[in-house]
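> Got run.cif for you, mmCIF, C-alpha atoms:
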```cif
data_coords
loop_
_atom_site.label_atom_id
_atom_site.label_comp_id
_atom_site.auth_asym_id
_atom_site.auth_seq_id
_atom_site.Cartn_x
_atom_site.Cartn_y
_atom_site.Cartn_z
CA MET A 1 -65.83 27.19 151.26
CA SER A 2 -62.66 25.69 149.93
CA PRO A 3 -60.36 27.86 147.85
CA PRO A 4 -59.50 26.70 144.34
CA GLY A 5 -57.20 23.70 144.43
CA ALA A 6 -57.06 19.99 143.92
CA ALA A 7 -60.44 19.36 145.55
CA GLY A 8 -61.93 22.84 145.35
CA PRO A 9 -63.88 24.71 142.67
CA GLU A 10 -62.16 26.27 139.71
CA ALA A 11 -61.13 29.92 140.10
CA PRO A 12 -64.00 32.43 139.92
CA PRO A 13 -64.26 34.45 136.72
CA ALA A 14 -62.43 37.77 136.63
CA PRO A 15 -62.50 40.10 138.45
CA PHE A 16 -63.35 37.86 141.41
CA SER A 17 -60.62 36.26 143.52
CA TRP A 18 -60.38 34.04 146.59
CA ARG A 19 -58.41 35.32 149.58
CA HIS A 20 -58.34 33.62 152.96
CA GLY A 21 -61.62 31.86 152.25
CA ARG A 22 -63.44 35.01 151.15
CA LEU A 23 -64.51 36.35 147.77
CA PHE A 24 -63.05 39.71 146.67
CA VAL A 25 -63.46 42.18 143.82
CA GLU A 26 -60.14 44.01 143.58
CA ASP A 27 -59.41 44.71 147.27
CA VAL A 28 -63.01 44.79 148.54
CA ASP A 29 -64.32 41.83 150.54
CA LEU A 30 -67.75 41.18 149.03
CA SER A 31 -69.11 39.90 152.34
CA THR A 32 -68.94 43.50 153.62
CA LEU A 33 -71.01 44.99 150.79
CA PRO A 34 -74.52 43.87 151.87
CA GLU A 35 -74.00 45.53 155.25
CA GLY A 36 -72.66 48.68 153.63
CA LEU A 37 -75.66 48.77 151.30
CA GLU A 38 -78.08 48.14 154.19
CA GLY A 39 -79.10 44.82 152.71
CA ARG A 40 -79.88 46.04 149.19
CA PRO A 41 -78.90 43.92 146.17
CA ALA A 42 -76.32 45.31 143.77
CA TRP A 43 -74.54 44.96 140.47
CA VAL A 44 -70.83 44.95 141.40
CA LEU A 45 -68.41 46.33 138.79
CA SER A 46 -64.62 46.39 138.84
CA ASP A 47 -62.97 49.57 137.59
CA ALA A 48 -59.77 47.66 136.81
CA ALA A 49 -61.65 45.01 134.81
CA ILE A 50 -63.51 47.70 132.82
CA ARG A 51 -60.27 49.48 131.93
CA THR A 52 -58.58 46.18 131.03
CA ALA A 53 -61.47 45.30 128.70
CA ILE A 54 -61.27 48.72 127.04
CA VAL A 55 -57.52 48.42 126.42
CA ALA A 56 -57.87 44.85 125.12
CA ALA A 57 -60.73 45.78 122.78
CA GLY A 58 -59.14 49.01 121.56
CA GLY A 59 -56.15 47.38 119.88
CA ASN A 60 -54.63 50.08 117.68
CA GLY A 61 -57.21 52.72 118.49
CA PRO A 62 -60.63 53.57 119.93
CA ARG A 63 -63.82 51.66 119.18
CA THR A 64 -67.52 52.50 119.04
CA VAL A 65 -69.89 51.39 121.80
CA GLU A 66 -73.67 51.39 122.00
CA LEU A 67 -74.69 53.71 124.81
CA ALA A 68 -77.26 51.19 126.08
CA SER A 69 -74.56 48.53 126.51
CA ALA A 70 -72.73 50.59 129.15
CA GLY A 71 -75.50 51.99 131.29
CA PRO A 72 -73.80 53.51 134.37
CA ARG A 73 -72.52 56.98 133.63
CA GLU A 74 -69.16 56.23 135.22
CA VAL A 75 -68.54 53.47 132.65
CA LEU A 76 -69.47 55.93 129.90
CA ARG A 77 -67.10 58.51 131.38
CA ILE A 78 -64.26 55.96 131.33
CA LEU A 79 -65.00 55.21 127.66
CA ALA A 80 -65.19 58.90 126.77
CA GLY A 81 -61.86 59.51 128.47
CA ALA A 82 -60.30 56.66 126.49
CA GLY A 83 -61.20 58.37 123.21
CA TRP A 84 -64.01 56.00 122.26
CA TRP A 85 -67.09 56.85 120.19
CA VAL A 86 -70.68 56.27 121.29
CA ARG A 87 -73.79 55.43 119.26
CA VAL A 88 -77.05 57.00 120.49
CA SER A 89 -80.61 56.34 119.35
CA SER A 90 -82.68 59.06 121.03
CA SER A 91 -82.50 62.61 122.28
CA HIS A 92 -82.30 61.27 125.83
CA GLU A 93 -79.26 59.13 124.98
CA LEU A 94 -77.71 62.11 123.22
CA ARG A 95 -77.97 64.11 126.47
CA VAL A 96 -76.56 61.22 128.52
CA ALA A 97 -73.59 60.90 126.15
CA SER A 98 -72.87 64.62 126.41
CA ALA A 99 -73.10 64.54 130.20
CA ALA A 100 -70.69 61.59 130.26
CA GLY A 101 -68.07 63.64 128.41
CA PHE A 102 -68.32 62.47 124.79
CA PRO A 103 -67.57 65.40 122.48
CA SER A 104 -70.17 65.78 119.74
CA GLU A 105 -67.70 64.83 117.02
CA ARG A 106 -67.42 61.36 118.62
CA VAL A 107 -71.17 60.77 118.79
CA ILE A 108 -73.07 58.72 116.19
CA GLY A 109 -76.77 59.33 115.62
CA ALA A 110 -78.50 56.03 114.84
CA GLY A 111 -81.48 53.91 115.83
CA VAL A 112 -84.43 52.17 114.24
CA VAL A 113 -86.64 55.26 114.48
CA ARG A 114 -85.09 58.61 113.59
CA ASP A 115 -87.94 61.04 114.10
CA ASP A 116 -87.59 64.71 113.25
CA GLY A 117 -87.11 65.66 116.90
CA PHE A 118 -84.12 63.37 117.30
CA LEU A 119 -82.68 64.50 113.95
CA LYS A 120 -83.05 68.13 115.01
CA ASP A 121 -81.26 67.50 118.31
CA ALA A 122 -78.51 65.41 116.71
CA LEU A 123 -77.85 67.98 113.96
CA GLY A 124 -77.95 70.83 116.46
CA ALA A 125 -75.44 69.04 118.68
CA GLY A 126 -73.11 68.53 115.73
CA VAL A 127 -72.81 64.73 115.87
CA GLY A 128 -69.82 63.40 113.97
CA VAL A 129 -71.75 60.70 112.10
CA LEU A 130 -75.45 60.34 111.27
CA GLU A 131 -76.21 56.84 110.06
CA HIS A 132 -78.93 56.10 107.49
CA GLU A 133 -80.70 52.98 106.35
CA GLY A 134 -81.83 53.52 102.79
CA ASP A 135 -82.49 56.53 100.59
CA GLY A 136 -85.72 57.42 102.41
CA GLU A 137 -84.00 58.02 105.73
CA ARG A 138 -81.20 59.98 104.09
CA SER A 139 -83.70 62.18 102.23
CA ASN A 140 -85.54 62.91 105.46
CA ALA A 141 -82.29 63.80 107.24
CA GLU A 142 -81.33 66.09 104.34
CA ARG A 143 -84.73 67.78 104.57
CA VAL A 144 -84.37 68.47 108.31
CA ALA A 145 -80.77 69.65 107.89
CA GLN A 146 -81.79 72.06 105.14
CA LEU A 147 -84.64 73.47 107.22
CA LEU A 148 -82.27 74.05 110.15
CA GLY A 149 -79.42 75.37 108.01
CA HIS A 150 -77.05 72.62 109.17
CA GLU A 151 -74.63 70.62 107.09
CA LEU A 152 -75.53 66.92 106.97
CA PRO A 153 -72.84 64.85 108.75
CA PRO A 154 -71.35 61.84 106.94
CA ASP A 155 -73.05 58.49 107.45
CA GLN A 156 -69.77 56.65 108.10
CA GLY A 157 -66.28 57.31 109.39
CA ALA A 158 -66.59 56.11 112.98
CA PRO A 159 -64.26 53.42 114.36
CA ALA A 160 -65.33 49.78 114.29
CA ASP A 161 -67.81 48.61 116.89
CA ALA A 162 -66.52 47.15 120.14
CA PRO A 163 -66.74 43.36 120.39
CA LEU A 164 -70.04 41.94 121.59
CA GLY A 165 -69.91 41.07 125.26
CA LEU A 166 -67.09 43.51 125.96
CA PHE A 167 -68.20 43.92 129.58
CA ASP A 168 -69.29 40.33 130.19
CA ARG A 169 -66.53 39.71 132.71
CA VAL A 170 -66.24 43.01 134.54
CA GLY A 171 -68.63 42.29 137.39
CA GLY A 172 -71.48 40.29 138.78
CA LEU A 173 -74.80 40.28 140.56
CA LEU A 174 -74.82 40.34 144.37
CA ALA A 175 -78.16 38.92 145.50
CA ALA A 176 -79.77 37.47 148.61
CA VAL A 177 -80.51 33.75 148.83
CA LEU A 178 -84.22 33.15 149.33
CA ARG A 179 -84.12 29.36 149.65
CA GLY A 180 -81.46 26.91 150.73
CA PRO A 181 -80.25 23.63 149.21
CA PRO A 182 -80.83 21.40 147.36
CA ALA A 183 -81.96 24.32 145.15
CA LEU A 184 -81.39 28.02 145.75
CA ALA A 185 -83.56 30.94 144.66
CA LEU A 186 -81.88 34.31 144.28
CA ASP A 187 -83.81 37.51 144.85
CA ALA A 188 -83.12 38.56 141.27
CA ALA A 189 -86.49 38.91 139.58
CA TRP A 190 -85.49 42.34 138.26
CA THR A 191 -83.18 40.67 135.75
CA ARG A 192 -86.23 39.45 133.84
CA PRO A 193 -88.34 41.40 131.31
CA LEU A 194 -91.01 43.72 132.67
CA ASP A 195 -93.81 41.56 131.29
CA ASP A 196 -92.53 38.46 133.11
CA GLU A 197 -94.39 36.91 135.99
CA GLY A 198 -91.64 38.05 138.34
CA ALA A 199 -90.57 34.62 139.61
CA PRO A 200 -87.07 34.54 141.10
CA LEU A 201 -84.23 33.09 139.05
CA GLU A 202 -83.59 29.52 140.16
CA VAL A 203 -80.06 28.31 140.87
CA CYS A 204 -80.11 24.52 140.82
CA ALA A 205 -77.36 22.27 142.20
CA LEU A 206 -76.29 19.55 139.79
CA GLU A 207 -74.32 17.56 142.37
CA ALA A 208 -74.11 17.57 146.12
CA GLY A 209 -70.37 18.07 145.83
CA ASP A 210 -70.96 21.44 144.20
CA LEU A 211 -72.74 22.61 147.33
CA GLU A 212 -69.89 21.49 149.52
CA GLU A 213 -67.35 23.30 147.37
CA GLY A 214 -69.27 26.57 147.46
CA HIS A 215 -70.55 26.90 143.94
CA LEU A 216 -73.66 25.93 142.02
CA GLN A 217 -74.13 25.55 138.31
CA GLY A 218 -77.18 26.15 136.16
CA LEU A 219 -79.59 29.07 136.14
CA ALA A 220 -82.98 27.84 135.00
CA GLY A 221 -84.09 29.48 131.79
CA SER A 222 -80.67 30.98 131.08
CA GLY A 223 -80.16 28.79 128.00
CA ALA A 224 -76.67 27.76 129.13
CA PRO A 225 -75.01 26.77 132.42
CA ARG A 226 -73.78 29.65 134.52
CA ARG A 227 -72.03 29.70 137.86
CA ALA A 228 -73.15 31.24 141.11
CA TRP A 229 -70.32 31.78 143.57
CA ILE A 230 -71.65 31.50 147.10
CA PHE A 231 -69.89 32.77 150.22
CA GLY A 232 -71.12 31.99 153.69
CA ALA A 233 -73.46 29.17 154.63
CA LEU A 234 -75.83 28.02 151.89
CA ARG A 235 -79.02 29.03 153.60
CA ARG A 236 -81.70 31.64 153.29
CA GLY A 237 -80.44 35.13 154.05
CA GLN A 238 -76.90 34.62 152.78
CA TRP A 239 -75.56 36.31 149.63
CA ALA A 240 -74.49 35.03 146.24
CA VAL A 241 -72.45 36.58 143.44
CA VAL A 242 -73.39 35.56 139.91
CA ALA A 243 -71.01 36.48 137.10
CA CYS A 244 -73.46 38.24 134.84
CA ALA A 245 -73.14 40.03 131.51
CA ALA A 246 -75.98 42.37 132.49
CA ALA A 247 -73.93 43.85 135.33
CA ALA A 248 -72.51 46.72 133.26
CA ARG A 249 -75.79 47.65 131.61
CA GLY A 250 -78.55 49.91 132.81
CA GLN A 251 -81.40 47.80 134.14
CA PRO A 252 -85.04 48.88 133.80
CA PRO A 253 -86.89 48.67 137.12
CA SER A 254 -89.20 45.77 137.84
CA ARG A 255 -92.78 46.36 138.88
CA ARG A 256 -92.32 43.82 141.64
CA HIS A 257 -88.79 44.32 142.95
CA PRO A 258 -86.66 47.37 143.80
CA LEU A 259 -83.90 48.25 141.37
CA PRO A 260 -80.53 46.99 142.64
CA GLU A 261 -77.74 49.44 143.24
CA THR A 262 -74.76 49.57 140.89
CA VAL A 263 -71.47 49.63 142.78
CA LEU A 264 -68.07 50.46 141.30
CA VAL A 265 -65.06 48.97 143.08
CA ARG A 266 -61.71 50.71 142.67
CA GLY A 267 -58.92 49.22 144.70
CA ALA A 268 -60.04 49.08 148.32
CA LEU A 269 -62.87 51.60 147.83
CA TRP A 270 -66.40 51.26 146.48
CA ARG A 271 -69.22 53.64 145.73
CA VAL A 272 -72.75 53.54 144.39
CA LEU A 273 -73.03 54.70 140.78
CA GLU A 274 -75.65 56.75 139.04
CA VAL A 275 -77.30 54.55 136.40
CA ASP A 276 -78.91 56.64 133.69
CA GLY A 277 -78.04 55.05 130.40
CA LEU A 278 -81.60 54.42 129.24
CA PRO A 279 -84.85 56.40 129.27
CA ASP A 280 -86.95 56.05 132.38
CA VAL A 281 -89.38 53.12 132.35
CA GLY A 282 -92.75 53.76 133.98
CA VAL A 283 -93.85 51.39 136.70
#
```
Rewrite the structure from the file as structure tokens, please.

Amino acid sequence: MSPPGAAGPEAPPAPFSWRHGRLFVEDVDLSTLPEGLEGRPAWVLSDAAIRTAIVAAGGNGPRTVELASAGPREVLRILAGAGWWVRVSSSHELRVASAAGFPSERVIGAGVVRDDGFLKDALGAGVGVLEHEGDGERSNAERVAQLLGHELPPDQGAPADAPLGLFDRVGGLLAAVLRGPPALALDAAWTRPLDDEGAPLEVCALEAGDLEEGHLQGLAGSGAPRRAWIFGALRRGQWAVVACAAAARGQPPSRRHPLPETVLVRGALWRVLEVDGLPDVGV
């Protein structure tokens, strides 16, 4: 592939970079990852990009993040260490937030369904804020608090929510190429909903020149053009990196495909992360 230049493709989105004809995240050559993972697909996250996004979004102080939007526990630990708040919607998420290092006073109890079990756990943990939607939900929370002998937390007072798409540019999807040009298919069916037919995501070349320059544009069904950065020959068995907003979120397993690993890159080192931001999904 040609590096970015007069005749080459535009620079890959952060945190990717071209060096000596290879694609890197921080100081890790992505061509070495498939071998290190024994051929398994992976979400690749950059520690530096995550921390940069947190600082940029924080402005004059911490923000609030939905636990489900930052699935890997390591990302949650980084947020907790930066003084951020987290919004949880179930007893499971409450436990995950605690394990990630969020003190109870920086946890917000929320969610569409606030059953008595979740209210009991949230009040017992001493969450800093317990949000309500309408007088009915507040009355029910007051009832449970009174039964337990707990003081009802305020329903506001947390920092503003983090911007949508905060982690959109902190990583990408490393996936095997199942079919060569003029159209590529990535082994990425697990990015689709569980009730989908399981067909691979299609990456379609718009122009032959795109193939020669090492990048393709357009993921079918994505609703908007997206880029796949390819390294190595464009043939079956090679690997592609797709800048993907889903990279930093916990992914439910597919019935048809194994769950990809989540890898955190920090400098010249990388390691597989534990992803436990959402309740288990039965298969």
> What would the selection look like, as a list in words, if the PyMOL selection byres ((chain A and resi 121) around 10) were run on the coordinates I just shared?
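Evaluating the PyMOL selection byres ((chain A and resi 121) around 10) on this file yields Ser90, Ser91, His92, Leu94, Arg95, Gly109, Asp116, Gly117, Phe118, Leu119, Lys120, Ala122, Leu123, Gly124, Ala125, Gly126 and Val127 of chain A.
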> Using the chain letters and numbers from the file, which residues does the PyMOL selection byres ((chain A and resi 269) around 12) grab, as a list in words?
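When the PyMOL selection byres ((chain A and resi 269) around 12) is applied to the shown file, the picked residues are Phe24, Val25, Glu26, Asp27, Val28, Asp29, Leu30, Thr32, Leu33, Gly36, Leu45, Ser46, Asp47, Val263, Leu264, Val265, Arg266, Gly267, Ala268, Trp270, Arg271 and Val272 of chain A.
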> Could you tell me which of A:Ala110, A:Glu261, A:Leu166, A:Ala185 comes closest to A:Ala70 if we count all atoms listed in the file?
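Among A:Ala110, A:Glu261, A:Leu166, A:Ala185, it is A:Leu166 that comes nearest to A:Ala70.
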> Kindly extract all protein, DNA and RNA residues lying within 6 Å of the coordinates (-65.6, 58.0, 126.3) given in the file, considering all atoms listed in the file, and supply them as an MDAnalysis selection string.
chainID A and resid 76:84 102
> Restricting the output to C-alpha atoms, write the selected residues as a CSV table (one decimal), in the coordinates of the input.

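Listed below is the output, result_20.csv:
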```csv
chain,number,residue,atom,x,y,z
A,76,LEU,CA,-69.5,55.9,129.9
A,77,ARG,CA,-67.1,58.5,131.4
A,78,ILE,CA,-64.3,56.0,131.3
A,79,LEU,CA,-65.0,55.2,127.7
A,80,ALA,CA,-65.2,58.9,126.8
A,81,GLY,CA,-61.9,59.5,128.5
A,82,ALA,CA,-60.3,56.7,126.5
A,83,GLY,CA,-61.2,58.4,123.2
A,84,TRP,CA,-64.0,56.0,122.3
A,102,PHE,CA,-68.3,62.5,124.8
```
> For stretch 174-182 of chain A, work out the shell of residues within 7 Å, counting only C-alpha atoms and skipping chain neighbours fewer than 6 positions away, then give it as a PyMOL selection string.
chain A and resi 41-44+188+205+234-242
> Limited to C-alpha atoms, could you put the picked residues into a file as a compact mmCIF listing (two decimals), in the coordinates of the input?

```
# COMPACT_ATOMS: atom_id res chain seq x y z
CA PRO A 41 -78.90 43.92 146.17
CA ALA A 42 -76.32 45.31 143.77
CA TRP A 43 -74.54 44.96 140.47
CA VAL A 44 -70.83 44.95 141.40
CA ALA A 188 -83.12 38.56 141.27
CA ALA A 205 -77.36 22.27 142.20
CA LEU A 234 -75.83 28.02 151.89
CA ARG A 235 -79.02 29.03 153.60
CA ARG A 236 -81.70 31.64 153.29
CA GLY A 237 -80.44 35.13 154.05
CA GLN A 238 -76.90 34.62 152.78
CA TRP A 239 -75.56 36.31 149.63
CA ALA A 240 -74.49 35.03 146.24
CA VAL A 241 -72.45 36.58 143.44
CA VAL A 242 -73.39 35.56 139.91
```
> Got a sec: who's within 12 Å of A:Pro159, counting all atoms listed in the file, leaving out chain neighbours fewer than 6 positions off, as an MDAnalysis selection string?
chainID A and resid 57:65 83:87 106:108 128:129
> Save out the residues we just selected, C-alpha atoms, as a PDB file, keeping the file's coordinate frame.

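New file selection11.pdb:
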```pdb
ATOM      1  CA  ALA A  57     -60.730  45.780 122.780  1.00  0.00           C
ATOM      2  CA  GLY A  58     -59.140  49.010 121.560  1.00  0.00           C
ATOM      3  CA  GLY A  59     -56.150  47.380 119.880  1.00  0.00           C
ATOM      4  CA  ASN A  60     -54.630  50.080 117.680  1.00  0.00           C
ATOM      5  CA  GLY A  61     -57.210  52.720 118.490  1.00  0.00           C
ATOM      6  CA  PRO A  62     -60.630  53.570 119.930  1.00  0.00           C
ATOM      7  CA  ARG A  63     -63.820  51.660 119.180  1.00  0.00           C
ATOM      8  CA  THR A  64     -67.520  52.500 119.040  1.00  0.00           C
ATOM      9  CA  VAL A  65     -69.890  51.390 121.800  1.00  0.00           C
ATOM     10  CA  GLY A  83     -61.200  58.370 123.210  1.00  0.00           C
ATOM     11  CA  TRP A  84     -64.010  56.000 122.260  1.00  0.00           C
ATOM     12  CA  TRP A  85     -67.090  56.850 120.190  1.00  0.00           C
ATOM     13  CA  VAL A  86     -70.680  56.270 121.290  1.00  0.00           C
ATOM     14  CA  ARG A  87     -73.790  55.430 119.260  1.00  0.00           C
ATOM     15  CA  ARG A 106     -67.420  61.360 118.620  1.00  0.00           C
ATOM     16  CA  VAL A 107     -71.170  60.770 118.790  1.00  0.00           C
ATOM     17  CA  ILE A 108     -73.070  58.720 116.190  1.00  0.00           C
ATOM     18  CA  GLY A 128     -69.820  63.400 113.970  1.00  0.00           C
ATOM     19  CA  VAL A 129     -71.750  60.700 112.100  1.00  0.00           C
TER      20      VAL A 129
END
```
> How big is the axis-aligned box around the listed atoms of stretch 25-34 of chain A once 6 Å is added on each side, and where is its centre? Give both in Å to one decimal, as AutoDock Vina command-line options.

```
--center_x -67.0 --center_y 42.4 --center_z 148.6 --size_x 27.1 --size_y 17.1 --size_z 22.0
```
> Please list as a list in words every residue within 8 Å of A:Ala248, counting only C-alpha atoms and excluding residues in the same chain fewer than 3 positions away.
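So, after excluding close chain neighbours, the residues are Trp43, Leu45, Ser69, Ala70, Gly71, Pro72, Val75, Phe167, Asp168, Val170, Gly171 and Ala245 of chain A.
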> Which of these residues is nearest to A:Thr262, using all atoms listed in the file: A:Ile50, A:Leu173, A:Ala183, A:Ala100?
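Distance minimum relative to A:Thr262 lands on A:Leu173.
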